[in-house]
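Notes follow the structure.
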Protein chains: 2
Amino acid sequence: MIGPGIKRGTAELAVLSVLEDGPLHGYELARRIEQQTKGALRFTLAALYPMLYRMEQRGWIRGSWETSQQGRRRRCYRLTAAGKTKLSPLRKEWSELFSALRRLTKVSHA
Amino acid sequence: MIGPGIKRGTAELAVLSVLEDGPLHGYELARRIEQQTKGALRFTLAALYPMLYRMEQRGWIRGSWETSQQGRRRRCYRLTAAGKTKLSPLRKEWSELFSALRRLTKVSHA
DNA sequence: GTTCATATATAACATTCTTATATGTAAGGG
DNA sequence: CCCTTACATATAAGAATGTTATATATGAAC
């Protein structure tokens with residue numbers, strides 16, 4: 001798995017991107033990130049929950065308490081319009097980081 | 001320029017990579033990083049100097065005081081064998097982050 | 001009734017950035 | 001001779017985002 005120093009800052013992008021495909025609660029979000037990256041990118045829930053609060057305060061996502069069919073209380077987050085607007089420049093900034101690091105460090109883009 | 005939250009963790013890789021091309025002192029290192037990334041990646045000296053100390057303590061680089069032709073005192077860092085050894089898995093880890101984020105977030109690799 | 005998967009929450013700590021501040025030398029222009 | 005700019009290193013205070021550890025609670029399965 002990718003270490004903490006390197007993945008730092010990716011959680012925000014990851015959460016916004018996954019929520020783009022539909023609303024989700026924290027526990028499931030963590031699993032999606034891990035699954036969709038084949039285990040390469042993995043966040044603890046203790047990192048994700050505070051991140052979700054911050055993103056809600058910034059207006060990028062909106063959470064609502066729901067009850068699952070199994071009777072479980074959980075907080076479902078969905079992307080807001082502001083969140084969608086945020087996603088595009090954020091992707092671009094990451095893309096720029098990639099090309100900058102390729103030029104500088106010969107990191108492959110396989 | 002790429003923001004602080006996103007570039008976080010890149011300094012280590014950047015320093016090792018630039019030093020791979022030859023020994024350099026901190027001030028010039030900062031300039032190389034900025035130039036070779038066309039201004040996309042930029043570090044303040046206040047970030048680089050402590051980073052250089054940490055990397056020296058870890059044994060990845062070795063610093064020695066030199067005096068330039070202009071009579072300036074400066075600390076010249078060169079990559080150690082351990083530093084070279086570190087660089088390869090570090091590049092691989094970044095490369096894995098790239099592909100993980102591409103899969104997860106549709107960040108382009110232009 | 002005990003254990004496992006689900007689900008959220010918080011505290012204490014580490015790391016790596018930021019801005020601001022400090023010191024000092026060399027070179028060049030006025 | 002003084003002032004400004006470029007060179008060169010150093011440190012402090014604070015922000016952001018990750019870590020491990022701990023706590024709580026429910027439903028399902030055995």
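Within each chain, counting starts at residue 1; across the structure tokens, chains are named A, B, ... in the order shown, with ligands numbered 1 upward in that order.
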> In chain A, what's alpha helix (DSSP H) per DSSP? Answer as a ChimeraX atom specification?
Replying inline: /A:4-7,10-20,26-36,45-57,81-105
Could you give me, as a PDB file with C-alpha atoms (C1' of nucleotides), in the first residue's frame, the residues within 10 Å of stretch 23-26 of chain D, counting only C-alpha atoms (C1' of nucleotides) and dropping anything in the same chain fewer than 6 positions from it?
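Resulting contents of result.pdb:
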```
ATOM      1  CA  GLN A  70     -30.993  -3.299   8.291  1.00  0.00           C
ATOM      2  CA  GLY A  71     -31.949  -0.508  10.681  1.00  0.00           C
ATOM      3  CA  ARG A  72     -28.485   1.017  10.861  1.00  0.00           C
ATOM      4  CA  ARG A  73     -28.094   4.733  11.409  1.00  0.00           C
TER       5      ARG A  73
ATOM      6  C1'  DT C   6     -21.244  -2.577  10.256  1.00  0.00           C
ATOM      7  C1'  DA C   7     -21.045   2.345  11.557  1.00  0.00           C
ATOM      8  C1'  DT C   8     -19.546   6.584  13.716  1.00  0.00           C
ATOM      9  C1'  DA C   9     -16.654   9.385  16.947  1.00  0.00           C
ATOM     10  C1'  DT C  10     -12.702  11.418  19.280  1.00  0.00           C
TER      11       DT C  10
END
```
With 10 Å as the limit and counting only C-alpha atoms (C1' of nucleotides), what residues in chain D lie close to chain A? Please list them as a JSON list (two decimals) with N, CA and C atoms (P, O5', C5', C4', C3', O3' and C1' of nucleotides), in the first residue's frame.
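Saved the output as result.json:
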```
[["chain", "number", "residue", "atom", "x", "y", "z"],
["D", 16, "DA", "P", -5.98, 25.33, 8.23],
["D", 16, "DA", "O5'", -5.47, 23.99, 7.58],
["D", 16, "DA", "C5'", -4.54, 24.04, 6.52],
["D", 16, "DA", "C4'", -4.09, 22.64, 6.18],
["D", 16, "DA", "C3'", -5.22, 21.61, 6.23],
["D", 16, "DA", "O3'", -5.21, 20.90, 5.01],
["D", 16, "DA", "C1'", -3.38, 20.90, 7.55],
["D", 17, "DT", "P", -6.40, 19.81, 4.71],
["D", 17, "DT", "O5'", -5.66, 18.45, 5.08],
["D", 17, "DT", "C5'", -4.44, 18.13, 4.43],
["D", 17, "DT", "C4'", -3.87, 16.87, 5.05],
["D", 17, "DT", "C3'", -4.89, 15.74, 5.22],
["D", 17, "DT", "O3'", -4.32, 14.54, 4.75],
["D", 17, "DT", "C1'", -3.74, 16.11, 7.21],
["D", 18, "DG", "P", -5.35, 13.36, 4.20],
["D", 18, "DG", "O5'", -4.97, 12.08, 5.08],
["D", 18, "DG", "C5'", -3.93, 11.25, 4.85],
["D", 18, "DG", "C4'", -2.98, 11.10, 6.02],
["D", 18, "DG", "C3'", -3.27, 9.97, 7.02],
["D", 18, "DG", "O3'", -2.86, 8.72, 6.52],
["D", 18, "DG", "C1'", -2.41, 11.91, 8.11],
["D", 19, "DT", "P", -3.52, 7.38, 7.19],
["D", 19, "DT", "O5'", -2.74, 7.19, 8.57],
["D", 19, "DT", "C5'", -1.32, 7.01, 8.58],
["D", 19, "DT", "C4'", -0.83, 6.94, 10.02],
["D", 19, "DT", "C3'", -1.55, 5.90, 10.86],
["D", 19, "DT", "O3'", -0.85, 4.68, 10.82],
["D", 19, "DT", "C1'", -1.39, 8.00, 12.03],
["D", 20, "DT", "P", -1.63, 3.34, 11.31],
["D", 20, "DT", "O5'", -1.63, 3.51, 12.89],
["D", 20, "DT", "C5'", -0.40, 3.57, 13.62],
["D", 20, "DT", "C4'", -0.69, 3.75, 15.10],
["D", 20, "DT", "C3'", -1.51, 2.61, 15.72],
["D", 20, "DT", "O3'", -0.96, 2.26, 16.98],
["D", 20, "DT", "C1'", -2.65, 4.68, 16.04],
["D", 26, "DT", "P", -27.56, 0.02, 20.86],
["D", 26, "DT", "O5'", -27.79, -0.64, 19.45],
["D", 26, "DT", "C5'", -27.95, 0.20, 18.29],
["D", 26, "DT", "C4'", -27.77, -0.65, 17.05],
["D", 26, "DT", "C3'", -28.59, -1.94, 17.08],
["D", 26, "DT", "O3'", -29.36, -2.01, 15.89],
["D", 26, "DT", "C1'", -26.33, -2.39, 16.51],
["D", 27, "DG", "P", -30.56, -3.13, 15.76],
["D", 27, "DG", "O5'", -29.95, -4.17, 14.73],
["D", 27, "DG", "C5'", -29.50, -3.70, 13.45],
["D", 27, "DG", "C4'", -28.88, -4.84, 12.67],
["D", 27, "DG", "C3'", -29.68, -6.14, 12.68],
["D", 27, "DG", "O3'", -29.65, -6.66, 11.35],
["D", 27, "DG", "C1'", -27.51, -6.54, 13.56],
["D", 28, "DA", "P", -30.41, -8.05, 11.01],
["D", 28, "DA", "O5'", -29.20, -9.06, 10.92],
["D", 28, "DA", "C5'", -28.03, -8.72, 10.14],
["D", 28, "DA", "C4'", -27.07, -9.89, 10.13],
["D", 28, "DA", "C3'", -27.74, -11.26, 10.05],
["D", 28, "DA", "O3'", -26.92, -12.08, 9.21],
["D", 28, "DA", "C1'", -26.45, -11.13, 12.01]]
```
>> Set the distance at 9 Å and use only C-alpha atoms (C1' of nucleotides): which residues neighbour A:Ala81 once local chain neighbours fewer than 3 positions away are removed? I'd like the list as a VMD selection string.
In response: chain A and resid 59 to 61 84 to 86
>> Taking only C-alpha atoms into account and nothing else, which residues of chain A lie no more than 6 Å away from chain B? Please answer as a PyMOL selection string.
In response: chain A and resi 5-6+9+17+36-37+91+95+100+104-105+107-108
>> With only C-alpha atoms (C1' of nucleotides) as the counted atoms, please give the residues lying no more than 12 Å from D:DT9, apart from itself and same-chain residues fewer than 2 positions off, as a ChimeraX atom specification.
In response: /B:25-27,45-46,48-50,52,65,72-76 /C:22-25 /D:7,11
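Every residue of chain A found in strand (DSSP E or B) when DSSP is run on the backbone appears here: Leu24, His25, Ile61, Arg62, Gly63, Ser64, Trp65, Glu66, Thr67, Arg73, Arg74, Arg75, Cys76, Tyr77, Arg78 and Leu79 of chain A.
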> Out of B:Tyr77, B:Arg42, B:Ala82, B:Ser64, which residue has the shortest atom-to-atom distance to chain C when counting only C-alpha atoms (C1' of nucleotides)?
Replying inline: B:Arg42
Kindly provide the residues of chain C that approach chain B to within 8 Å, each paired with its closest atom pair and their distance in Å to one decimal, based on only C-alpha atoms (C1' of nucleotides), listed by chain and increasing number, as JSON lines.
```
{"residue": "C:DT16", "atom": "C1'", "partner": "B:Arg8", "partner_atom": "CA", "distance": 6.9}
{"residue": "C:DC17", "atom": "C1'", "partner": "B:Pro4", "partner_atom": "CA", "distance": 6.4}
{"residue": "C:DT25", "atom": "C1'", "partner": "B:Arg72", "partner_atom": "CA", "distance": 7.0}
{"residue": "C:DA26", "atom": "C1'", "partner": "B:Gln70", "partner_atom": "CA", "distance": 7.3}
```
> Which polymer residues have any atom within 12 Å of an atom of C:DG30, counting only C-alpha atoms (C1' of nucleotides), with same-chain residues fewer than 3 positions away left out, as a list in words?
Replying inline: DC1, DC2, DC3 and DT4 of chain D
Based on the selection just made, write N, CA and C atoms (P, O5', C5', C4', C3', O3' and C1' of nucleotides) of those residues as a JSON list (two decimals), in the first residue's frame.
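Contents of part38.json, freshly written:
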```json
[["chain", "number", "residue", "atom", "x", "y", "z"],
["D", 1, "DC", "P", 34.51, 55.55, 1.64],
["D", 1, "DC", "O5'", 33.00, 55.98, 1.45],
["D", 1, "DC", "C5'", 32.44, 57.10, 2.06],
["D", 1, "DC", "C4'", 30.98, 57.03, 1.78],
["D", 1, "DC", "C3'", 30.27, 55.88, 2.51],
["D", 1, "DC", "O3'", 28.99, 56.38, 2.91],
["D", 1, "DC", "C1'", 29.90, 55.67, 0.20],
["D", 2, "DC", "P", 28.33, 55.67, 4.20],
["D", 2, "DC", "O5'", 26.86, 55.44, 3.62],
["D", 2, "DC", "C5'", 26.25, 56.50, 2.88],
["D", 2, "DC", "C4'", 25.24, 55.92, 1.89],
["D", 2, "DC", "C3'", 24.34, 54.83, 2.49],
["D", 2, "DC", "O3'", 23.03, 55.11, 2.05],
["D", 2, "DC", "C1'", 25.32, 54.06, 0.49],
["D", 3, "DC", "P", 21.78, 54.59, 2.92],
["D", 3, "DC", "O5'", 20.87, 53.93, 1.80],
["D", 3, "DC", "C5'", 20.77, 54.56, 0.52],
["D", 3, "DC", "C4'", 20.50, 53.51, -0.54],
["D", 3, "DC", "C3'", 19.58, 52.38, -0.06],
["D", 3, "DC", "O3'", 18.46, 52.33, -0.93],
["D", 3, "DC", "C1'", 21.50, 51.51, -1.18],
["D", 4, "DT", "P", 17.17, 51.48, -0.51],
["D", 4, "DT", "O5'", 17.15, 50.35, -1.63],
["D", 4, "DT", "C5'", 17.44, 50.71, -2.99],
["D", 4, "DT", "C4'", 17.94, 49.51, -3.75],
["D", 4, "DT", "C3'", 17.11, 48.23, -3.53],
["D", 4, "DT", "O3'", 16.69, 47.76, -4.80],
["D", 4, "DT", "C1'", 19.42, 47.77, -3.36]]
```
>> To one decimal place in Å, what is the distance between atom CA of A:Thr80 and atom CA of A:Glu28?
In response: 18.8 Å
